Structures are given as C-alpha cells and as structure tokens.
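Reproduced below: start29.tsv, with TSV, C-alpha atoms.
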```tsv
chain	number	residue	atom	x	y	z
A	10	MET	CA	-14.85	216.28	-22.75
A	11	GLU	CA	-17.88	214.07	-23.26
A	12	GLN	CA	-18.41	211.65	-26.09
A	13	GLU	CA	-21.70	210.23	-27.28
A	14	GLY	CA	-22.19	206.68	-26.10
A	15	VAL	CA	-24.94	204.12	-25.95
A	16	PHE	CA	-26.62	206.06	-23.10
A	17	GLY	CA	-26.13	209.57	-24.54
A	18	ALA	CA	-23.13	211.67	-23.56
A	19	MET	CA	-20.43	209.53	-21.98
A	20	LYS	CA	-19.04	211.14	-18.85
A	21	GLU	CA	-15.35	211.66	-18.45
A	22	LEU	CA	-15.48	210.64	-14.78
A	23	GLY	CA	-17.98	208.49	-12.92
A	24	ALA	CA	-18.13	206.78	-9.55
A	25	ALA	CA	-19.84	203.72	-8.09
A	26	PHE	CA	-19.46	202.57	-4.52
A	27	GLY	CA	-20.36	199.97	-1.93
A	28	ARG	CA	-18.91	197.96	0.94
A	29	PHE	CA	-18.02	195.04	-1.34
A	30	GLN	CA	-17.60	192.76	1.69
A	31	ILE	CA	-16.86	190.12	-0.77
A	32	LEU	CA	-17.17	191.45	-4.25
A	33	HIS	CA	-19.80	189.28	-5.96
A	34	LEU	CA	-21.51	189.04	-9.36
A	35	GLY	CA	-24.22	191.54	-8.38
A	36	HIS	CA	-21.52	194.08	-7.59
A	37	MET	CA	-19.87	193.39	-10.94
A	38	GLU	CA	-23.16	193.93	-12.77
A	39	TYR	CA	-23.32	197.35	-11.08
A	40	LEU	CA	-19.67	198.31	-11.65
A	41	LEU	CA	-19.65	197.26	-15.31
A	42	GLU	CA	-22.93	199.09	-15.99
A	43	ALA	CA	-21.47	202.24	-14.41
A	44	LYS	CA	-18.26	201.85	-16.44
A	45	LYS	CA	-20.26	201.80	-19.69
A	46	ARG	CA	-21.31	205.37	-18.88
A	47	CYS	CA	-17.88	206.93	-18.23
A	48	ARG	CA	-14.32	206.92	-19.51
A	49	HIS	CA	-12.84	206.56	-16.03
A	50	LEU	CA	-14.65	204.91	-13.12
A	51	ILE	CA	-13.86	205.60	-9.49
A	52	ILE	CA	-14.76	202.53	-7.45
A	53	GLY	CA	-15.44	203.66	-3.92
A	54	ILE	CA	-15.19	201.26	-1.01
A	55	THR	CA	-17.36	202.31	1.92
A	56	ASN	CA	-16.69	201.36	5.55
A	57	PRO	CA	-12.96	201.36	4.71
A	58	ASP	CA	-12.05	200.93	8.38
A	59	PRO	CA	-13.90	200.29	11.65
A	60	GLY	CA	-13.08	203.77	12.99
A	61	ILE	CA	-15.37	205.46	10.47
A	62	THR	CA	-18.12	202.86	10.34
A	63	LYS	CA	-21.43	203.97	11.85
A	64	TYR	CA	-24.76	202.35	12.59
A	65	SER	CA	-27.63	203.18	10.23
A	66	GLU	CA	-31.26	202.38	11.01
A	67	SER	CA	-31.96	201.85	7.32
A	68	CYS	CA	-29.40	199.00	7.21
A	69	PRO	CA	-28.34	197.97	10.72
A	70	HIS	CA	-26.15	195.00	9.74
A	71	ARG	CA	-23.77	197.09	7.60
A	72	SER	CA	-21.96	198.29	10.73
A	73	ASP	CA	-21.61	194.85	12.36
A	74	LYS	CA	-18.10	193.45	12.70
A	75	GLU	CA	-19.22	190.14	11.17
A	76	ALA	CA	-20.58	191.97	8.11
A	77	ASN	CA	-17.20	193.69	7.59
A	78	PRO	CA	-14.57	190.94	7.73
A	79	PHE	CA	-12.30	192.22	4.95
A	80	THR	CA	-9.92	195.16	5.04
A	81	PHE	CA	-9.99	198.04	2.60
A	82	TYR	CA	-6.85	196.66	0.94
A	83	GLU	CA	-8.38	193.18	0.50
A	84	ARG	CA	-11.51	194.65	-1.08
A	85	LEU	CA	-9.38	196.92	-3.29
A	86	LYS	CA	-7.49	193.84	-4.55
A	87	MET	CA	-10.77	192.00	-5.22
A	88	ALA	CA	-12.13	194.96	-7.20
A	89	GLU	CA	-8.92	195.40	-9.20
A	90	ALA	CA	-8.70	191.70	-10.06
A	91	ALA	CA	-12.36	191.45	-11.06
A	92	MET	CA	-12.28	194.59	-13.23
A	93	LEU	CA	-9.10	193.49	-15.02
A	94	GLU	CA	-10.54	190.01	-15.53
A	95	SER	CA	-13.63	191.66	-17.07
A	96	GLY	CA	-11.43	193.36	-19.65
A	97	ILE	CA	-11.41	196.87	-18.17
A	98	PRO	CA	-7.92	198.40	-18.67
A	99	ARG	CA	-6.17	199.39	-15.43
A	100	GLU	CA	-5.91	203.02	-16.54
A	101	GLU	CA	-9.72	203.27	-16.80
A	102	PHE	CA	-10.54	202.78	-13.10
A	103	THR	CA	-9.32	203.82	-9.67
A	104	VAL	CA	-10.25	202.33	-6.31
A	105	VAL	CA	-10.60	204.71	-3.35
A	106	PRO	CA	-12.04	204.66	0.17
A	107	VAL	CA	-15.38	206.46	0.56
A	108	PRO	CA	-16.38	207.64	4.05
A	109	ILE	CA	-20.13	207.34	3.40
A	110	ASN	CA	-20.84	207.79	7.12
A	111	TYR	CA	-19.13	211.21	6.99
A	112	PRO	CA	-20.67	212.64	3.81
A	113	GLU	CA	-18.90	215.98	4.09
A	114	ARG	CA	-15.60	214.11	3.52
A	115	ILE	CA	-16.70	212.36	0.30
A	116	PRO	CA	-15.53	215.21	-2.02
A	117	TYR	CA	-11.98	214.61	-0.74
A	118	TYR	CA	-12.14	211.16	-2.37
A	119	ILE	CA	-14.56	211.62	-5.27
A	120	PRO	CA	-14.25	214.87	-7.26
A	121	MET	CA	-17.44	216.90	-7.58
A	122	GLU	CA	-17.26	216.67	-11.39
A	123	ALA	CA	-17.80	212.91	-11.20
A	124	GLU	CA	-21.28	211.57	-11.87
A	125	ILE	CA	-22.32	209.12	-9.17
A	126	PHE	CA	-24.05	205.93	-10.32
A	127	LEU	CA	-26.25	204.16	-7.77
A	128	THR	CA	-28.45	201.10	-7.57
A	129	ILE	CA	-31.30	200.91	-5.08
A	130	TYR	CA	-32.63	197.73	-3.46
A	131	ASP	CA	-33.72	198.87	-0.01
A	132	ALA	CA	-33.97	201.75	2.48
A	133	TRP	CA	-30.17	202.07	2.59
A	134	GLY	CA	-30.12	202.67	-1.17
A	135	TRP	CA	-32.61	205.52	-0.78
A	136	GLU	CA	-30.55	206.93	2.08
A	137	ARG	CA	-27.38	206.86	-0.06
A	138	LYS	CA	-29.26	208.65	-2.84
A	139	LYS	CA	-30.29	211.41	-0.45
A	140	ILE	CA	-26.71	211.78	0.84
A	141	ILE	CA	-25.32	212.15	-2.69
A	142	GLU	CA	-28.05	214.59	-3.74
A	143	GLN	CA	-27.42	216.76	-0.68
A	144	LEU	CA	-23.73	216.95	-1.58
A	145	GLY	CA	-24.64	218.29	-5.02
A	146	TYR	CA	-23.20	215.56	-7.23
A	147	GLU	CA	-24.74	214.71	-10.57
A	148	LEU	CA	-26.48	211.39	-9.96
A	149	GLU	CA	-27.93	208.57	-12.04
A	150	VAL	CA	-29.86	205.70	-10.51
A	151	LEU	CA	-29.05	202.73	-12.73
A	152	TRP	CA	-31.95	200.68	-11.40
A	153	VAL	CA	-34.39	200.28	-8.52
A	154	ARG	CA	-35.03	196.65	-7.63
A	155	THR	CA	-36.24	194.67	-4.67
A	156	ASP	CA	-34.07	192.43	-2.52
A	157	ASP	CA	-35.65	189.32	-4.03
A	158	THR	CA	-34.33	190.28	-7.48
A	159	ARG	CA	-30.69	190.52	-6.37
A	160	ILE	CA	-28.20	188.24	-8.08
A	161	THR	CA	-26.80	187.58	-4.60
A	162	SER	CA	-25.60	189.49	-1.56
A	163	GLY	CA	-22.38	189.66	0.41
A	164	THR	CA	-24.33	188.29	3.36
A	165	GLU	CA	-25.32	185.20	1.37
A	166	VAL	CA	-21.80	184.61	0.02
A	167	ARG	CA	-20.26	184.95	3.50
A	168	ARG	CA	-22.93	182.60	4.92
A	169	ARG	CA	-22.15	179.98	2.30
A	170	ILE	CA	-18.42	180.19	2.99
A	171	ARG	CA	-19.01	179.87	6.75
A	172	CYS	CA	-21.28	176.86	6.21
A	173	GLN	CA	-18.85	175.31	3.73
A	174	GLU	CA	-21.47	175.43	0.96
A	175	ASP	CA	-20.75	176.11	-2.70
A	176	TRP	CA	-20.16	179.84	-3.31
A	177	GLN	CA	-17.79	179.91	-6.28
A	178	GLN	CA	-20.57	180.62	-8.80
A	179	LEU	CA	-21.61	183.78	-6.89
A	180	VAL	CA	-18.31	185.66	-7.34
A	181	PRO	CA	-16.02	186.51	-10.25
A	182	PRO	CA	-13.33	183.83	-10.76
A	183	ALA	CA	-10.62	186.37	-9.84
A	184	VAL	CA	-12.29	187.00	-6.47
A	185	PHE	CA	-12.62	183.26	-5.81
A	186	ARG	CA	-8.90	182.84	-6.50
A	187	TYR	CA	-7.92	185.85	-4.40
A	188	MET	CA	-9.99	184.64	-1.43
A	189	ASN	CA	-8.46	181.18	-1.54
A	190	GLU	CA	-4.87	182.25	-2.26
A	191	ASN	CA	-4.89	184.69	0.64
A	192	GLY	CA	-6.58	182.60	3.34
A	193	LEU	CA	-9.69	184.76	3.48
A	194	THR	CA	-12.11	181.84	3.43
A	195	GLU	CA	-10.44	180.51	6.57
A	196	ARG	CA	-10.94	183.88	8.26
A	197	LEU	CA	-14.68	183.60	7.70
A	198	SER	CA	-14.73	180.07	9.11
A	199	VAL	CA	-13.13	181.41	12.30
A	200	HIS	CA	-15.95	183.97	12.69
A	201	GLN	CA	-18.73	181.34	12.92
```
Mind turning the file's structure into structure tokens?
Amino acid sequence: MEQEGVFGAMKELGAAFGRFQILHLGHMEYLLEAKKRCRHLIIGITNPDPGITKYSESCPHRSDKEANPFTFYERLKMAEAAMLESGIPREEFTVVPVPINYPERIPYYIPMEAEIFLTIYDAWGWERKKIIEQLGYELEVLWVRTDDTRITSGTEVRRRIRCQEDWQQLVPPAVFRYMNENGLTERLSVHQ
C-alpha cells in the first residue's frame, strides 16, 4: 500500500546502500532523504566482507584493505545508532549486507519490490545505477553532484582520525561515541 507523501506516493519499501566505512554526515543526508520516501528503509552495506570485495576501475580505492577497515557488524551498529539518534523508529529500518560486486545476488538481500534510492557523485555512482537498472529494480536518483560538493567522505574522515585531526563534526554523535567506545579510532591509527 502506498500513501501520498511530500514526494508523491510514499513507497512501502525502499533501499539505500553504500560501504559506510565510517558512517558520516553525508551518508546520513542520503539515508534520511531516502527514508522520507518510504515507510520502511533497507540500509544495505556493500563490501560486507573481504571475500566478496572486488576491484572496480570506476572506483579503485573501494576495494583496498585500508579503505575497508570496519567489519559489517561495526558498520551495522553505526547505522543503527545514527538512525535511532535521528529519530527513526527501529521498526522502520533494517540493515543488511549487499553484495554489490555480485549483482545477481542482490535480490536475495533486497526484495525486488523495493525502490532503490541512489546518489551519484562520480563514475562509481553511474556504475551502481547501471547495475540496479539491469536488475530491474525501480530506481530513483536523489541527486547528482560532484565530489567537490560532498559534505565529506569516508576517506577524509579516516584520514583525519589517522592524523589525529578533528573529525567529530563530520559524523553523527552516535557514530563518534561508538567509534571511541569500541576502540575503532585506535584501529585506524595502527593502519598508518
């Protein structure tokens, strides 16, 4: 059942996904915008484990070990904490792994009736769009922007942590707490 919302018919089920290799404020802008368009949001975490992470020419760094320091579980906990802190009730979102590098497996994690919400900043964004279109999902691109208009990036947040620079203002407070309470900032310092 769909209900009229601010953007027309509100979808029953939507999905938004990314690596979230530290969930930052740019990710939250994306997730909250997607949530406005559906009753229940599936938050998909790509590159859930190293065994299903592949190199992509459109975004070479996304397969690097240094660009993927956090486990699926750690990223799930960051997403849950940030969504709850933003006032989204727990029953209105689910966090799942998404094997983006094995597109044929995605329907096992995200039902075909879900509308996929994407943002595009670079060649990898266009590649993701093509993957989703080829699978036959309904798709909405929330925005197309350039890298220089990003709020921040996971790469920048991880760099700041490694260099012991201020990074707290780039992530939701719940993520900052989770990182510090679970020793994840120290893990990044070890990877210098």
Spatial neighbours of range 136-146 of chain A, max dist 8 Å, all atoms listed in the file, sep filter under 5 positions, as a PyMOL selection string: chain A and resi 67+112-113+121-125+127
Distance of CA of Gly53 in chain A from CA of Leu34 in chain A, expressed in Å to one decimal place: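 Going from CA of Leu34 in chain A over to CA of Gly53 in chain A covers 16.7 Å.
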Who sits within 12 Å of Gly134 in chain A, only C-alpha atoms, same chain under 6 positions skipped, as an MDAnalysis selection string: chainID A and resid 26:27 65 67:68 109 126:128 140:141 150:156
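With all atoms listed in the file as the basis for measurement, A:Gly35 is the residue among A:Pro59, A:Glu42, A:Gly35, A:Phe102 that approaches Tyr130 in chain A most closely.
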Atomic distance CA of Arg168 in chain A - CA of Pro181 in chain A, expressed in Å with one decimal: 17.1 Å
Non-local contacts of Lys86 in chain A (9 Å; only C-alpha atoms; under 5 positions in same chain excluded) as number ranges by chain: A: 81, 91, 184, 187
Top pick for closest residue to Gly192 in chain A, considering A:Glu21, A:Phe79, A:Ser162, A:Leu40 and counting only C-alpha atoms: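 Once distances to Gly192 in chain A are computed over only C-alpha atoms, the minimum belongs to A:Phe79.
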Straight-line distance linking CA of Cys172 in chain A with CA of Ile54 in chain A, stated in Å to one decimal: 26.2 Å
Counting all atoms listed in the file, the option among A:Ala183, A:Leu148, A:Met92, A:Val166 closest to Ile31 in chain A: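 Counting all atoms listed in the file, the residue closest to Ile31 in chain A is A:Val166.
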Applying 9 Å and only C-alpha atoms, which residues near Ala88 in chain A remain after dropping the ones on its own chain fewer than 2 positions away? List them as a CSV table (one decimal) with C-alpha atoms, in the coordinates of the input.
```
chain,number,residue,atom,x,y,z
A,29,PHE,CA,-18.0,195.0,-1.3
A,32,LEU,CA,-17.2,191.4,-4.2
A,37,MET,CA,-19.9,193.4,-10.9
A,52,ILE,CA,-14.8,202.5,-7.4
A,83,GLU,CA,-8.4,193.2,0.5
A,84,ARG,CA,-11.5,194.6,-1.1
A,85,LEU,CA,-9.4,196.9,-3.3
A,86,LYS,CA,-7.5,193.8,-4.6
A,90,ALA,CA,-8.7,191.7,-10.1
A,91,ALA,CA,-12.4,191.4,-11.1
A,92,MET,CA,-12.3,194.6,-13.2
A,93,LEU,CA,-9.1,193.5,-15.0
A,104,VAL,CA,-10.2,202.3,-6.3
A,184,VAL,CA,-12.3,187.0,-6.5
```
Selected residue, from A:Leu22, A:Lys45, A:Gln30, A:Pro108, that lies nearest to Lys74 in chain A when counting only C-alpha atoms: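 For Lys74 in chain A, the nearest of the candidates is A:Gln30.
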Distance criterion (all atoms listed in the file): nearest to Tyr82 in chain A out of A:Gly23, A:Pro116, A:Pro106, A:Pro182: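 Among the listed residues, the smallest separation from Tyr82 in chain A belongs to A:Pro106.
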His33 in chain A surroundings by all atoms listed in the file, 7 Å radius, close-in-sequence under 6 positions cut, as an MDAnalysis selection string: chainID A and resid 163 179:181
Could you please take those selected residues and save C-alpha atoms as a tab-separated table (two decimals), in the coordinates of the input?
```tsv
chain	number	residue	atom	x	y	z
A	163	GLY	CA	-22.38	189.66	0.41
A	179	LEU	CA	-21.61	183.78	-6.89
A	180	VAL	CA	-18.31	185.66	-7.34
A	181	PRO	CA	-16.02	186.51	-10.25
```
Best match for closeness to Gly60 in chain A among A:Thr158, A:Asn110, A:Ser95, A:Gln177, counting all atoms listed in the file: A:Asn110
With N, CA and C atoms as the goal, would you fill in the gaps in range 143-166 of chain A and present it as a PDB file, keeping the file's coordinate frame?
```
ATOM      1  N   GLN A 143     -27.699 215.632  -1.567  1.00  0.00           N
ATOM      2  CA  GLN A 143     -27.420 216.760  -0.680  1.00  0.00           C
ATOM      3  C   GLN A 143     -26.014 217.315  -0.886  1.00  0.00           C
ATOM      4  N   LEU A 144     -25.089 216.484  -1.310  1.00  0.00           N
ATOM      5  CA  LEU A 144     -23.730 216.950  -1.580  1.00  0.00           C
ATOM      6  C   LEU A 144     -23.632 217.716  -2.887  1.00  0.00           C
ATOM      7  N   GLY A 145     -24.620 217.547  -3.770  1.00  0.00           N
ATOM      8  CA  GLY A 145     -24.640 218.290  -5.020  1.00  0.00           C
ATOM      9  C   GLY A 145     -24.006 217.601  -6.214  1.00  0.00           C
ATOM     10  N   TYR A 146     -23.740 216.310  -6.094  1.00  0.00           N
ATOM     11  CA  TYR A 146     -23.200 215.560  -7.230  1.00  0.00           C
ATOM     12  C   TYR A 146     -24.278 215.342  -8.282  1.00  0.00           C
ATOM     13  N   GLU A 147     -23.853 215.210  -9.536  1.00  0.00           N
ATOM     14  CA  GLU A 147     -24.740 214.710 -10.570  1.00  0.00           C
ATOM     15  C   GLU A 147     -24.944 213.226 -10.257  1.00  0.00           C
ATOM     16  N   LEU A 148     -26.153 212.742 -10.413  1.00  0.00           N
ATOM     17  CA  LEU A 148     -26.480 211.390  -9.960  1.00  0.00           C
ATOM     18  C   LEU A 148     -27.347 210.687 -10.993  1.00  0.00           C
ATOM     19  N   GLU A 149     -27.055 209.413 -11.217  1.00  0.00           N
ATOM     20  CA  GLU A 149     -27.930 208.570 -12.040  1.00  0.00           C
ATOM     21  C   GLU A 149     -28.200 207.280 -11.284  1.00  0.00           C
ATOM     22  N   VAL A 150     -29.475 206.978 -11.096  1.00  0.00           N
ATOM     23  CA  VAL A 150     -29.860 205.700 -10.510  1.00  0.00           C
ATOM     24  C   VAL A 150     -29.945 204.712 -11.669  1.00  0.00           C
ATOM     25  N   LEU A 151     -29.087 203.706 -11.649  1.00  0.00           N
ATOM     26  CA  LEU A 151     -29.050 202.730 -12.730  1.00  0.00           C
ATOM     27  C   LEU A 151     -30.282 201.833 -12.719  1.00  0.00           C
ATOM     28  N   TRP A 152     -30.724 201.458 -11.526  1.00  0.00           N
ATOM     29  CA  TRP A 152     -31.950 200.680 -11.400  1.00  0.00           C
ATOM     30  C   TRP A 152     -32.442 200.686  -9.958  1.00  0.00           C
ATOM     31  N   VAL A 153     -33.740 200.477  -9.820  1.00  0.00           N
ATOM     32  CA  VAL A 153     -34.390 200.280  -8.520  1.00  0.00           C
ATOM     33  C   VAL A 153     -34.995 198.881  -8.592  1.00  0.00           C
ATOM     34  N   ARG A 154     -34.561 198.035  -7.680  1.00  0.00           N
ATOM     35  CA  ARG A 154     -35.030 196.650  -7.630  1.00  0.00           C
ATOM     36  C   ARG A 154     -35.358 196.296  -6.189  1.00  0.00           C
ATOM     37  N   THR A 155     -35.977 195.152  -6.017  1.00  0.00           N
ATOM     38  CA  THR A 155     -36.240 194.670  -4.670  1.00  0.00           C
ATOM     39  C   THR A 155     -35.183 193.638  -4.300  1.00  0.00           C
ATOM     40  N   ASP A 156     -35.066 193.398  -3.002  1.00  0.00           N
ATOM     41  CA  ASP A 156     -34.070 192.430  -2.520  1.00  0.00           C
ATOM     42  C   ASP A 156     -34.208 191.062  -3.171  1.00  0.00           C
ATOM     43  N   ASP A 157     -35.470 190.658  -3.462  1.00  0.00           N
ATOM     44  CA  ASP A 157     -35.650 189.320  -4.030  1.00  0.00           C
ATOM     45  C   ASP A 157     -35.230 189.226  -5.491  1.00  0.00           C
ATOM     46  N   THR A 158     -34.832 190.330  -6.102  1.00  0.00           N
ATOM     47  CA  THR A 158     -34.330 190.280  -7.480  1.00  0.00           C
ATOM     48  C   THR A 158     -32.806 190.406  -7.543  1.00  0.00           C
ATOM     49  N   ARG A 159     -32.152 190.453  -6.393  1.00  0.00           N
ATOM     50  CA  ARG A 159     -30.690 190.520  -6.370  1.00  0.00           C
ATOM     51  C   ARG A 159     -30.084 189.252  -6.953  1.00  0.00           C
ATOM     52  N   ILE A 160     -28.946 189.406  -7.611  1.00  0.00           N
ATOM     53  CA  ILE A 160     -28.200 188.240  -8.080  1.00  0.00           C
ATOM     54  C   ILE A 160     -27.739 187.443  -6.867  1.00  0.00           C
ATOM     55  N   THR A 161     -27.189 188.144  -5.889  1.00  0.00           N
ATOM     56  CA  THR A 161     -26.800 187.580  -4.600  1.00  0.00           C
ATOM     57  C   THR A 161     -26.497 188.742  -3.680  1.00  0.00           C
ATOM     58  N   SER A 162     -26.018 188.441  -2.497  1.00  0.00           N
ATOM     59  CA  SER A 162     -25.600 189.490  -1.560  1.00  0.00           C
ATOM     60  C   SER A 162     -24.319 189.042  -0.880  1.00  0.00           C
ATOM     61  N   GLY A 163     -23.580 189.996  -0.346  1.00  0.00           N
ATOM     62  CA  GLY A 163     -22.380 189.660   0.410  1.00  0.00           C
ATOM     63  C   GLY A 163     -22.725 188.794   1.607  1.00  0.00           C
ATOM     64  N   THR A 164     -23.874 189.076   2.216  1.00  0.00           N
ATOM     65  CA  THR A 164     -24.330 188.290   3.360  1.00  0.00           C
ATOM     66  C   THR A 164     -24.492 186.825   2.976  1.00  0.00           C
ATOM     67  N   GLU A 165     -25.102 186.577   1.827  1.00  0.00           N
ATOM     68  CA  GLU A 165     -25.320 185.200   1.370  1.00  0.00           C
ATOM     69  C   GLU A 165     -23.995 184.516   1.038  1.00  0.00           C
ATOM     70  N   VAL A 166     -23.098 185.214   0.372  1.00  0.00           N
ATOM     71  CA  VAL A 166     -21.800 184.610   0.020  1.00  0.00           C
ATOM     72  C   VAL A 166     -21.027 184.276   1.292  1.00  0.00           C
TER      73      VAL A 166
END
```
